[in-house]
Amino acid sequence: MMIERDSYLNRMIHNMWNGEVKVITGIRRCGKSVLLFDLFYNHLLSDGVPENHIIKIELDQRRYYKFRNPITLCEYVESIVAEQKDEKFYLFIDEVQLTMKVVDKENGDIEVSIYDMLNELKAYKNLDVYVTGSNSKGLSKDIATEFRGRATQIHVYPLSFEEFYSYMGGDERKALDAYMLYGGMPRVLVLEDERDKKAYLSSLYNELYVKDIVERNGIEREDILNDILDFLASQTSSLTNPTNIANALTSMKNEKVNSTLVTNYVQHIIDSFLISMAKRYDVKGKTYFKYPNKYYYTDIGLRNARLNYRQYDPGHIMENIIYNELLRREYSVDVGVVTDRTGGANLQKEIDFVVNDVDKKIYIQSAFQMDTEKKESSELASLLLTKDFFKKIIVRMDIPHNFYDDKGIFHCNLIDLLLGRVDLF
């Protein structure tokens with residue numbers, strides 16, 4: 001059974017023949033290649049596109065190694081599309097890397113990259129180009145400049161709970177418990193033994209992600225990189241900054257750890273799509289704080305595996321899952337800050353998420369459960385301090401149905417949110 005990832009597939013269909021290179025990014029093993037080479041490929045075939053009009057090049061496979069030379073790749077594709085200008089062709093390239101460069105000796109020893117060749121191929125009116133890549137340093141951060149503003153980025157995340165549940169089925173709460181523990185990396189779903197799931201997620205970390213970050217960025221202190229990954233996993237949903245991380249590592253390692261080094265390593269981790277950073281936003285002052293920020297794992301299963309399943313804190317895990325869900329829906333998400341000046345005090349209070357969708361805004365608070373008046377008062381306080389009319393939502397695990405309270409705040413069950421049963425805006 002193949003999981004239908006309709007939101008991404010529909011975006012690809014919507015952007016067909018838009019004159020731009022479609023760049024599919026995301027953490028490795030999250031399903032980018034399946035999206036392109038299976039789901040989108042099957043859509044084209046069902047739409048009547050001849051199989052020999054879809055040019056597939058998988059650069060991580062030995063038989064395609066020669067096309068890692070951008071000139072060889074370009075000449076091969078041109079030999080097909082240039083001779084049949086009245087026919088439409090599709091080009092799929094898997095695992096494009098920024099390092100794909102070569103010296104063009106026939107044209108003045110100019111260094112050319114895969115970007116140059118893709119920009120050249122894009123000029124063919126009968127060719128629609130799609131590429132995948134696994135790290136933002138190679139394919140996301142430089143899209144605007146390298147593709148000269150002519151690229152469409154489609155960022156793919158691990159499975160959402162809705163996608164996860166469409167495969168797993170059964171009791172919704174039981175499925176959510178599994179998702180909160182093992183996350184949404186697609187292969188996890190087909191592994192039945194719990195030990196196999198844990199071993200797979202750990203191997204992704206140790207054999208793939210860490211090695212990628214080290215090799216691509218010339219990391220000299222892999223031990224510090226691993227310590228940072230551990231720290232960020234243990235501090236999911238908590239405020240921190242590179243100075244705090246450096247101080248914690250200095251104490252732990254009994255050696256001075258430079259905060260600039262930590263800043264660089266954290267950025268490399270973000271560039272690998274392992275984690276993402278949410279900035280703090282002053283709701284009243286309408287400005288961003290530089291530090292501290294929050295860091296969330298792209299996949300909660302990878303976070304749990306990193307900690308060897310020792311820190312299973314459902315409140316923080318739930319907040320991380322909600323954050324990822326909001327990003328999947330392509331909302332802009334910040335951590336909100338409001339100031340409580342009651343009694344002359346100036347206390348900063350937090351709203352978990354300030355969510356924007358173009359010109360619309362909502363506030364979301366994540367609360368695993370509100371079983372005491374003190375807990376309820378604490379969760380509601382920051383939302384009420386905004387004193388505006390934007391929709392305010394508390395996402396909870398301890399309510400059987402959704403409702404508005406007498407303060408106009410919408411109390412929403414987490415499963416209903418993740419399965420798309422409620423309208424946020």
# chains A, B, ... in the order shown; residues from 1 in each chain; ligands from 1
>>> closest_atom_pairs(of="range 231-263 of chain A", to="range 278-298 of chain A", cutoff="9 Å", atoms="only C-alpha atoms", output="JSON lines")
{"residue": "A:Leu232", "atom": "CA", "partner": "A:Tyr295", "partner_atom": "CA", "distance": 6.9}
{"residue": "A:Ala233", "atom": "CA", "partner": "A:Tyr297", "partner_atom": "CA", "distance": 7.4}
{"residue": "A:Gln235", "atom": "CA", "partner": "A:Tyr295", "partner_atom": "CA", "distance": 7.8}
{"residue": "A:Thr236", "atom": "CA", "partner": "A:Tyr296", "partner_atom": "CA", "distance": 5.6}
{"residue": "A:Ser237", "atom": "CA", "partner": "A:Lys294", "partner_atom": "CA", "distance": 5.8}
{"residue": "A:Ser238", "atom": "CA", "partner": "A:Lys294", "partner_atom": "CA", "distance": 5.7}
{"residue": "A:Leu239", "atom": "CA", "partner": "A:Lys294", "partner_atom": "CA", "distance": 4.9}
{"residue": "A:Thr240", "atom": "CA", "partner": "A:Pro292", "partner_atom": "CA", "distance": 5.0}
{"residue": "A:Asn241", "atom": "CA", "partner": "A:Pro292", "partner_atom": "CA", "distance": 4.9}
{"residue": "A:Pro242", "atom": "CA", "partner": "A:Pro292", "partner_atom": "CA", "distance": 8.5}
>>> write_last_selection(atoms="N, CA, C and O atoms", output="tab-separated table (two decimals), in the first residue's frame")
chain	number	residue	atom	x	y	z
A	232	LEU	N	19.55	19.81	21.98
A	232	LEU	CA	18.34	20.29	21.32
A	232	LEU	C	17.20	19.29	21.44
A	232	LEU	O	16.03	19.68	21.56
A	233	ALA	N	17.52	18.00	21.42
A	233	ALA	CA	16.49	16.98	21.59
A	233	ALA	C	15.90	17.05	22.99
A	233	ALA	O	14.68	16.94	23.17
A	235	GLN	N	15.79	19.64	24.87
A	235	GLN	CA	15.18	20.95	25.12
A	235	GLN	C	14.08	21.28	24.10
A	235	GLN	O	13.73	22.45	23.93
A	236	THR	N	13.55	20.25	23.42
A	236	THR	CA	12.47	20.50	22.47
A	236	THR	C	11.35	21.30	23.11
A	236	THR	O	10.92	21.00	24.22
A	237	SER	N	10.91	22.33	22.42
A	237	SER	CA	9.81	23.21	22.86
A	237	SER	C	10.20	24.15	23.99
A	237	SER	O	9.35	24.86	24.52
A	238	SER	N	11.48	24.18	24.35
A	238	SER	CA	11.95	25.09	25.39
A	238	SER	C	12.79	26.20	24.79
A	238	SER	O	13.44	26.01	23.76
A	239	LEU	N	12.79	27.36	25.44
A	239	LEU	CA	13.58	28.49	24.96
A	239	LEU	C	15.06	28.27	25.25
A	239	LEU	O	15.43	27.86	26.35
A	240	THR	N	15.89	28.55	24.26
A	240	THR	CA	17.33	28.47	24.47
A	240	THR	C	18.03	29.31	23.41
A	240	THR	O	17.41	29.88	22.51
A	241	ASN	N	19.36	29.40	23.52
A	241	ASN	CA	20.16	30.14	22.54
A	241	ASN	C	21.56	29.54	22.51
A	241	ASN	O	21.93	28.75	23.40
A	242	PRO	N	22.37	29.88	21.51
A	242	PRO	CA	23.71	29.29	21.40
A	242	PRO	C	24.59	29.52	22.62
A	242	PRO	O	25.40	28.64	22.96
>>> closest_atom_pairs(of="range 311-363 of chain A", to="range 154-159 of chain A", cutoff="10 Å", atoms="only C-alpha atoms", output="Markdown table")
| residue | atom | partner | partner_atom | distance |
| --- | --- | --- | --- | --- |
| A:Asn324 | CA | A:Tyr157 | CA | 8.3 |
| A:Glu325 | CA | A:Tyr157 | CA | 9.4 |
| A:Leu327 | CA | A:Tyr157 | CA | 9.0 |
| A:Arg328 | CA | A:Tyr157 | CA | 6.9 |
| A:Glu330 | CA | A:His155 | CA | 9.5 |
>>> residues_around(residues="Gly420 in chain A", least_positions_apart="6", cutoff="10 Å", atoms="only C-alpha atoms", output="list of chain:residue names")
A:Phe161, A:Glu162, A:Leu414
>>> write_last_selection(atoms="all heavy atoms", output="short mmCIF file (atom, residue, chain, number, x, y, z; two decimals), in the first residue's frame")
data_model
loop_
_atom_site.label_atom_id
_atom_site.label_comp_id
_atom_site.auth_asym_id
_atom_site.auth_seq_id
_atom_site.Cartn_x
_atom_site.Cartn_y
_atom_site.Cartn_z
N PHE A 161 0.23 13.23 10.83
CA PHE A 161 -0.57 12.20 11.51
C PHE A 161 -1.71 11.74 10.62
O PHE A 161 -2.07 10.56 10.62
CB PHE A 161 -1.11 12.71 12.84
CG PHE A 161 -1.99 11.70 13.54
CD1 PHE A 161 -1.46 10.50 13.97
CD2 PHE A 161 -3.34 11.94 13.71
CE1 PHE A 161 -2.27 9.54 14.59
CE2 PHE A 161 -4.15 11.00 14.33
CZ PHE A 161 -3.62 9.78 14.78
N GLU A 162 -2.27 12.63 9.85
CA GLU A 162 -3.36 12.25 8.94
C GLU A 162 -2.88 11.23 7.92
O GLU A 162 -3.56 10.24 7.63
CB GLU A 162 -3.93 13.48 8.24
CG GLU A 162 -5.15 13.20 7.40
CD GLU A 162 -5.80 14.46 6.84
OE1 GLU A 162 -5.13 15.51 6.82
OE2 GLU A 162 -6.98 14.38 6.44
N LEU A 414 -6.75 17.52 20.10
CA LEU A 414 -5.57 17.38 19.25
C LEU A 414 -5.82 16.49 18.04
O LEU A 414 -5.42 16.83 16.92
CB LEU A 414 -4.39 16.82 20.06
CG LEU A 414 -3.12 16.49 19.27
CD1 LEU A 414 -2.53 17.75 18.64
CD2 LEU A 414 -2.08 15.80 20.16
#
>>> closest_residue(among="A:Lys198, A:His401, A:Arg173, A:His411", to="Asn304 in chain A", atoms="only C-alpha atoms")
A:Lys198
>>> atom_distance(atom1="CA of Leu127 in chain A", atom2="CA of Ile3 in chain A")
28.2 Å
>>> closest_residue(among="A:Leu176, A:Ile399, A:Leu229, A:Ile415", to="Asn206 in chain A", atoms="only C-alpha atoms")
A:Leu229
>>> residues_around(residues="Asn264 in chain A", least_positions_apart="5", cutoff="12 Å", atoms="only C-alpha atoms", output="JSON, numbers by chain")
{"A": [213, 217, 218, 219, 220, 221, 224, 225, 228, 242, 243, 246, 258, 259, 269, 270, 271]}
>>> select_by_dssp(residues="range 226-326 of chain A", states="helix (DSSP H, G or I)", output="JSON, numbers by chain")
{"A": [226, 227, 228, 229, 230, 231, 232, 233, 234, 242, 243, 244, 245, 246, 247, 248, 249, 250, 251, 252, 253, 259, 260, 261, 262, 263, 264, 265, 266, 267, 268, 269, 270, 271, 300, 301, 302, 303, 304, 305, 306, 314, 315, 316, 317, 318, 319, 320, 321, 322, 323, 324, 325, 326]}
>>> residues_around(residues="Pro186 in chain A", least_positions_apart="4", cutoff="12 Å", atoms="only C-alpha atoms", output="ChimeraX atom specification")
/A:1-5,27-35,157-161,163-165,167-168,179,182,190-191,197,200-201,299,301
>>> residues_around(residues="range 50-64 of chain A", least_positions_apart="4", cutoff="10 Å", atoms="only C-alpha atoms", output="MDAnalysis selection string")
chainID A and resid 33 36:37 41:42 44:46 68 73 77 80:81 87:97 127:132
>>> write_last_selection(atoms="N, CA, C and O atoms", output="compact mmCIF listing (two decimals), in the first residue's frame")
# COMPACT_ATOMS: atom_id res chain seq x y z
N SER A 33 11.55 11.14 -3.08
CA SER A 33 11.72 10.35 -4.30
C SER A 33 10.44 9.60 -4.65
O SER A 33 10.08 9.50 -5.83
N LEU A 36 8.03 12.01 -6.30
CA LEU A 36 8.35 12.34 -7.69
C LEU A 36 8.30 11.12 -8.59
O LEU A 36 7.62 11.13 -9.64
N PHE A 37 9.00 10.04 -8.22
CA PHE A 37 9.20 8.92 -9.13
C PHE A 37 8.07 7.89 -9.09
O PHE A 37 8.02 7.00 -9.95
N TYR A 41 4.82 10.47 -11.09
CA TYR A 41 5.04 9.67 -12.31
C TYR A 41 3.76 8.94 -12.70
O TYR A 41 3.33 8.98 -13.86
N ASN A 42 3.11 8.30 -11.72
CA ASN A 42 1.86 7.58 -12.01
C ASN A 42 0.76 8.54 -12.43
O ASN A 42 -0.08 8.19 -13.28
N LEU A 44 1.19 11.30 -14.15
CA LEU A 44 1.45 11.66 -15.55
C LEU A 44 1.01 10.54 -16.49
O LEU A 44 0.40 10.79 -17.53
N LEU A 45 1.33 9.30 -16.11
CA LEU A 45 0.94 8.17 -16.95
C LEU A 45 -0.58 8.08 -17.06
O LEU A 45 -1.13 7.85 -18.16
N SER A 46 -1.26 8.27 -15.93
CA SER A 46 -2.73 8.19 -15.96
C SER A 46 -3.33 9.35 -16.74
O SER A 46 -4.48 9.26 -17.21
N ARG A 68 26.42 12.87 -13.13
CA ARG A 68 26.84 13.82 -12.10
C ARG A 68 27.69 14.93 -12.71
O ARG A 68 27.90 15.96 -12.09
N LEU A 73 25.05 15.53 -18.43
CA LEU A 73 23.62 15.46 -18.18
C LEU A 73 22.85 16.36 -19.15
O LEU A 73 21.86 15.94 -19.76
N VAL A 77 20.06 15.19 -22.13
CA VAL A 77 18.67 15.63 -22.16
C VAL A 77 18.38 16.40 -23.44
O VAL A 77 17.35 16.21 -24.10
N ILE A 80 17.54 14.54 -26.55
CA ILE A 80 16.18 13.99 -26.64
C ILE A 80 15.16 15.07 -26.98
O ILE A 80 14.39 14.94 -27.92
N VAL A 81 15.19 16.17 -26.23
CA VAL A 81 14.11 17.17 -26.37
C VAL A 81 14.32 18.09 -27.56
O VAL A 81 13.35 18.59 -28.14
N GLU A 87 7.00 17.68 -29.17
CA GLU A 87 6.57 16.75 -28.12
C GLU A 87 6.94 17.33 -26.75
O GLU A 87 7.98 17.97 -26.60
N LYS A 88 6.11 17.08 -25.76
CA LYS A 88 6.39 17.54 -24.39
C LYS A 88 7.11 16.45 -23.61
O LYS A 88 6.73 15.28 -23.67
N PHE A 89 8.14 16.87 -22.85
CA PHE A 89 8.92 15.94 -22.04
C PHE A 89 8.99 16.43 -20.59
O PHE A 89 8.90 17.63 -20.31
N TYR A 90 9.20 15.47 -19.71
CA TYR A 90 9.38 15.76 -18.28
C TYR A 90 10.73 15.21 -17.85
O TYR A 90 11.09 14.08 -18.20
N LEU A 91 11.47 16.01 -17.09
CA LEU A 91 12.78 15.58 -16.59
C LEU A 91 12.72 15.46 -15.07
O LEU A 91 12.40 16.42 -14.39
N PHE A 92 13.01 14.25 -14.55
CA PHE A 92 13.09 14.00 -13.11
C PHE A 92 14.56 13.73 -12.77
O PHE A 92 15.17 12.81 -13.33
N ILE A 93 15.12 14.51 -11.84
CA ILE A 93 16.49 14.26 -11.37
C ILE A 93 16.46 14.11 -9.86
O ILE A 93 15.98 15.00 -9.14
N ASP A 94 16.96 12.99 -9.36
CA ASP A 94 16.95 12.70 -7.93
C ASP A 94 18.33 12.95 -7.32
O ASP A 94 19.35 12.59 -7.91
N GLU A 95 18.34 13.56 -6.14
CA GLU A 95 19.55 13.79 -5.35
C GLU A 95 20.54 14.74 -6.03
O GLU A 95 21.74 14.44 -6.17
N VAL A 96 20.06 15.88 -6.44
CA VAL A 96 20.94 16.93 -6.97
C VAL A 96 21.76 17.53 -5.84
O VAL A 96 21.26 17.76 -4.75
N GLN A 97 23.03 17.79 -6.10
CA GLN A 97 23.91 18.37 -5.09
C GLN A 97 24.57 19.64 -5.62
O GLN A 97 24.88 19.74 -6.81
N LEU A 127 10.04 21.20 -22.26
CA LEU A 127 10.61 20.42 -21.16
C LEU A 127 10.18 21.01 -19.82
O LEU A 127 10.34 22.20 -19.58
N ASP A 128 9.65 20.15 -18.95
CA ASP A 128 9.25 20.54 -17.60
C ASP A 128 10.18 19.82 -16.62
O ASP A 128 10.28 18.58 -16.65
N VAL A 129 10.88 20.59 -15.76
CA VAL A 129 11.99 20.03 -14.97
C VAL A 129 11.64 19.93 -13.49
O VAL A 129 11.11 20.88 -12.89
N TYR A 130 11.98 18.77 -12.90
CA TYR A 130 11.75 18.50 -11.48
C TYR A 130 13.02 17.90 -10.89
O TYR A 130 13.59 16.96 -11.46
N VAL A 131 13.46 18.40 -9.73
CA VAL A 131 14.65 17.85 -9.07
C VAL A 131 14.37 17.70 -7.58
O VAL A 131 13.55 18.41 -7.01
N THR A 132 15.08 16.76 -6.95
CA THR A 132 14.99 16.60 -5.50
C THR A 132 16.37 16.83 -4.89
O THR A 132 17.40 16.59 -5.53
>>> closest_residue(among="A:Leu274, A:Met117, A:Met318, A:Leu383", to="Val337 in chain A", atoms="only C-alpha atoms")
A:Leu383
>>> atom_distance(atom1="CA of Gly26 in chain A", atom2="CA of Val102 in chain A")
25.8 Å
>>> select_by_dssp(residues="range 179-421 of chain A", states="strand (DSSP E or B)", output="PyMOL selection string")
chain A and resi 239-240+275-278+280-282+287-288+293-297+332-340+347-357+360-367+391-396+403-404+410-413
>>> residues_around(residues="Asp223 in chain A", least_positions_apart="6", cutoff="12 Å", atoms="only C-alpha atoms", output="tab-separated table (two decimals) with all heavy atoms, in the first residue's frame")
chain	number	residue	atom	x	y	z
A	210	VAL	N	24.01	12.53	10.66
A	210	VAL	CA	25.23	13.09	11.27
A	210	VAL	C	26.38	13.07	10.28
A	210	VAL	O	27.12	14.05	10.12
A	210	VAL	CB	25.59	12.32	12.55
A	210	VAL	CG1	26.95	12.79	13.07
A	210	VAL	CG2	24.52	12.54	13.63
A	214	VAL	N	28.50	16.32	8.84
A	214	VAL	CA	29.96	16.37	9.02
A	214	VAL	C	30.66	16.54	7.68
A	214	VAL	O	31.54	17.39	7.52
A	214	VAL	CB	30.45	15.10	9.75
A	214	VAL	CG1	31.98	15.02	9.71
A	214	VAL	CG2	29.96	15.09	11.18
A	229	LEU	N	23.14	18.12	19.25
A	229	LEU	CA	21.95	17.37	18.86
A	229	LEU	C	21.25	16.78	20.08
A	229	LEU	O	20.02	16.82	20.18
A	229	LEU	CB	22.33	16.25	17.89
A	229	LEU	CG	22.71	16.70	16.48
A	229	LEU	CD1	23.37	15.57	15.70
A	229	LEU	CD2	21.47	17.20	15.73
A	230	ASP	N	22.03	16.29	21.03
A	230	ASP	CA	21.44	15.76	22.27
A	230	ASP	C	20.76	16.87	23.05
A	230	ASP	O	19.64	16.70	23.56
A	230	ASP	CB	22.52	15.11	23.14
A	230	ASP	CG	23.05	13.81	22.56
A	230	ASP	OD1	22.35	13.21	21.72
A	230	ASP	OD2	24.17	13.41	22.93
A	249	LEU	N	27.52	22.91	27.46
A	249	LEU	CA	28.54	21.99	26.96
A	249	LEU	C	29.88	22.22	27.64
A	249	LEU	O	30.64	21.27	27.90
A	249	LEU	CB	28.69	22.14	25.44
A	249	LEU	CG	27.46	21.82	24.58
A	249	LEU	CD1	27.83	21.80	23.10
A	249	LEU	CD2	26.84	20.50	24.98
A	253	LYS	N	31.71	19.18	29.38
A	253	LYS	CA	32.93	18.64	28.78
A	253	LYS	C	34.19	19.07	29.50
A	253	LYS	O	35.29	18.64	29.16
A	253	LYS	CB	33.01	19.07	27.31
A	253	LYS	CG	31.83	18.58	26.46
A	253	LYS	CD	31.91	19.11	25.04
A	253	LYS	CE	32.93	18.36	24.21
A	253	LYS	NZ	32.55	16.94	23.99
A	257	VAL	N	33.72	25.81	25.34
A	257	VAL	CA	33.06	25.64	24.05
A	257	VAL	C	32.60	27.00	23.56
A	257	VAL	O	31.83	27.69	24.25
A	257	VAL	CB	31.87	24.67	24.14
A	257	VAL	CG1	31.16	24.56	22.79
A	257	VAL	CG2	32.34	23.29	24.61
A	262	VAL	N	29.08	26.98	18.26
A	262	VAL	CA	27.75	26.41	18.47
A	262	VAL	C	26.75	27.00	17.50
A	262	VAL	O	25.93	26.29	16.90
A	262	VAL	CB	27.29	26.62	19.92
A	262	VAL	CG1	25.83	26.22	20.09
A	262	VAL	CG2	28.17	25.85	20.89
A	265	TYR	N	27.25	25.40	14.12
A	265	TYR	CA	26.81	24.01	14.09
A	265	TYR	C	25.28	23.91	14.12
A	265	TYR	O	24.69	23.06	13.43
A	265	TYR	CB	27.42	23.23	15.26
A	265	TYR	CG	28.87	22.82	15.04
A	265	TYR	CD1	29.63	23.40	14.02
A	265	TYR	CD2	29.49	21.87	15.84
A	265	TYR	CE1	30.96	23.04	13.82
A	265	TYR	CE2	30.81	21.49	15.65
A	265	TYR	CZ	31.55	22.08	14.64
A	265	TYR	OH	32.86	21.72	14.45
